[in-house]
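Notes to accompany the following structure.
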Amino acid sequence: MPVLMFMLTILSFMIMGKIYSEYRTPVLTPVLTTVVSLVVILLLFDIPYDTYMKGAGWIDRMLGPAVVALAYPMYRQRAVLQKHFLPVIGSVVVGVVTAFGSGYVMAASIGLERELLLTLLPKSLTTPIAVPVTSEIGGIPSMAVAFTMIAGFTAILTSPLFFKYIPFKDMGKGIALGTAAHGLGTSKAIEYGEETVSMSSVAMSLAAIIGSFFGPFFVWLLSI
Amino acid sequence: MRLILKVILQVAGLYAFYYIGTSIQDWLGLPVPGSILGLVLLLVLLMTGILPVGWIDHGAGFMLAYLPLFFVPVTVGIIEYPILLSKTGILMIVMTITGTWLTMFAAGFTSEKLSKRKEEA
């Protein structure tokens with residue numbers, strides 16, 4: 001059974017990757033389609049998540065070292081960061097604080113229970129970072145992934161209208177997309193030009209690092 | 001063949017950084033995830049030139065190419081939280097959308113202000 005679950009995950013991901021490369025639309029993002037198809041299979045055959053994880057856990061263990069690997073693209077972005085150091089750092093810090101702060105204020109105002117409130121906080125961070133940050137602060141990682149995707153799709157679907165009424169320059173657009181909506185936002189940035197893409201990528205990386213230190217600090221500070 | 005060996009060795013190197021990161025977290029009792037401490041450590045070594053980028057580039061490229069696959073298992077765990085489809089779940093989705101707009105505004109607005117100041121200076 002574990003081997004089967006392992007193979008099933010790899011196979012679904014390969015098929016969904018093929019479908020994505022055929023149509024190239026964000027709705028068919030392989031993670032999304034793979035997870036949906038696996039959830040359907042588990043429900044259909046009545047397979048508990050624990051049983052699934054006995055096999056899929058081998059894949060899960062690759063996530064930690066893969067997060068470390070993110071240092072490589074960050075290192076390659078250093079020239080862009082050095083060139084616009086102050087505006088980029090400043091706006092990403094303000095963005096990250098807004099992301100956590102607004103999430104907390106909204107969730108607390110409706111009296112959301114602690115575990116769900118914490119799950120809602122890291123949604124602006126890139127998924128591989130949001131997962132360990134969520135488990136560190138005491139939220140539910142799998143649900144956090146769903147919220148990071150919703151944050152990403154919010155940027156993809158609404159940013160044209162958003163920027164029509166709030167016309168940021170290319171750099172501002174990129175920083176807005178990368179800080180609030182990580183990789184999915186960055187994929188949308190391509191439509192706004194090269195400057196927007198590089199700013200979005202740098203903002204996403206910085207937000208990931210700043211967010212993973214700020215998040216636990218924020219939770220400690222407010223003793224949530 | 002040599003490339004495959006290189007990828008395997010470099011991935012092992014990334015594992016080592018991950019291990020060091022989690023050990024630092026344990027020793028110091030830090031609330032920051034060990035994988036991120038490993039990332040920051042590697043980034044610092046690359047930036048300072050202590051570690052040549054050629055020592056990790058192939059391994060990192062390989063891991064990043066499959067990165068989305070690695071968080072599929074944890075995400076499938078959503079199956080245990082049908083609350084996402086309840087009224088609370090819908091409220092959380094609305095808050096996520098609102099929070100994303102607020103964050104876009106705050107980050108973009110700050111960037112406009114800061115880069116303008118730089119132009120004037």
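How things are named: the first chain in the structure tokens is A, the next is B, and so on; residues count from 1 in each chain; ligands count from 1 in the order shown.
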
Excluding Val145 in chain A and its own-chain neighbours fewer than 6 positions away, which residues fall within 7 Å of it when counting only C-alpha atoms? Please give them as an MDAnalysis selection string.
(chainID A and resid 127 131) or (chainID B and resid 75)

Using only C-alpha atoms, which residues sit within 9 Å of range 184-197 of chain A once same-chain residues fewer than 6 positions away are excluded, as a PyMOL selection string?
chain A and resi 26+126+149+151-157+159+169-178+204

Report the residues of range 5-94 of chain B whose backbone DSSP state falls under helix (DSSP H, G or I), written as a PyMOL selection string.
chain B and resi 5-28+34-47+53-55+57-65+67-70+72-80+82-85+87-94

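Going from CA of Gly95 in chain A over to CA of Thr88 in chain B, you cover 25.5 Å.
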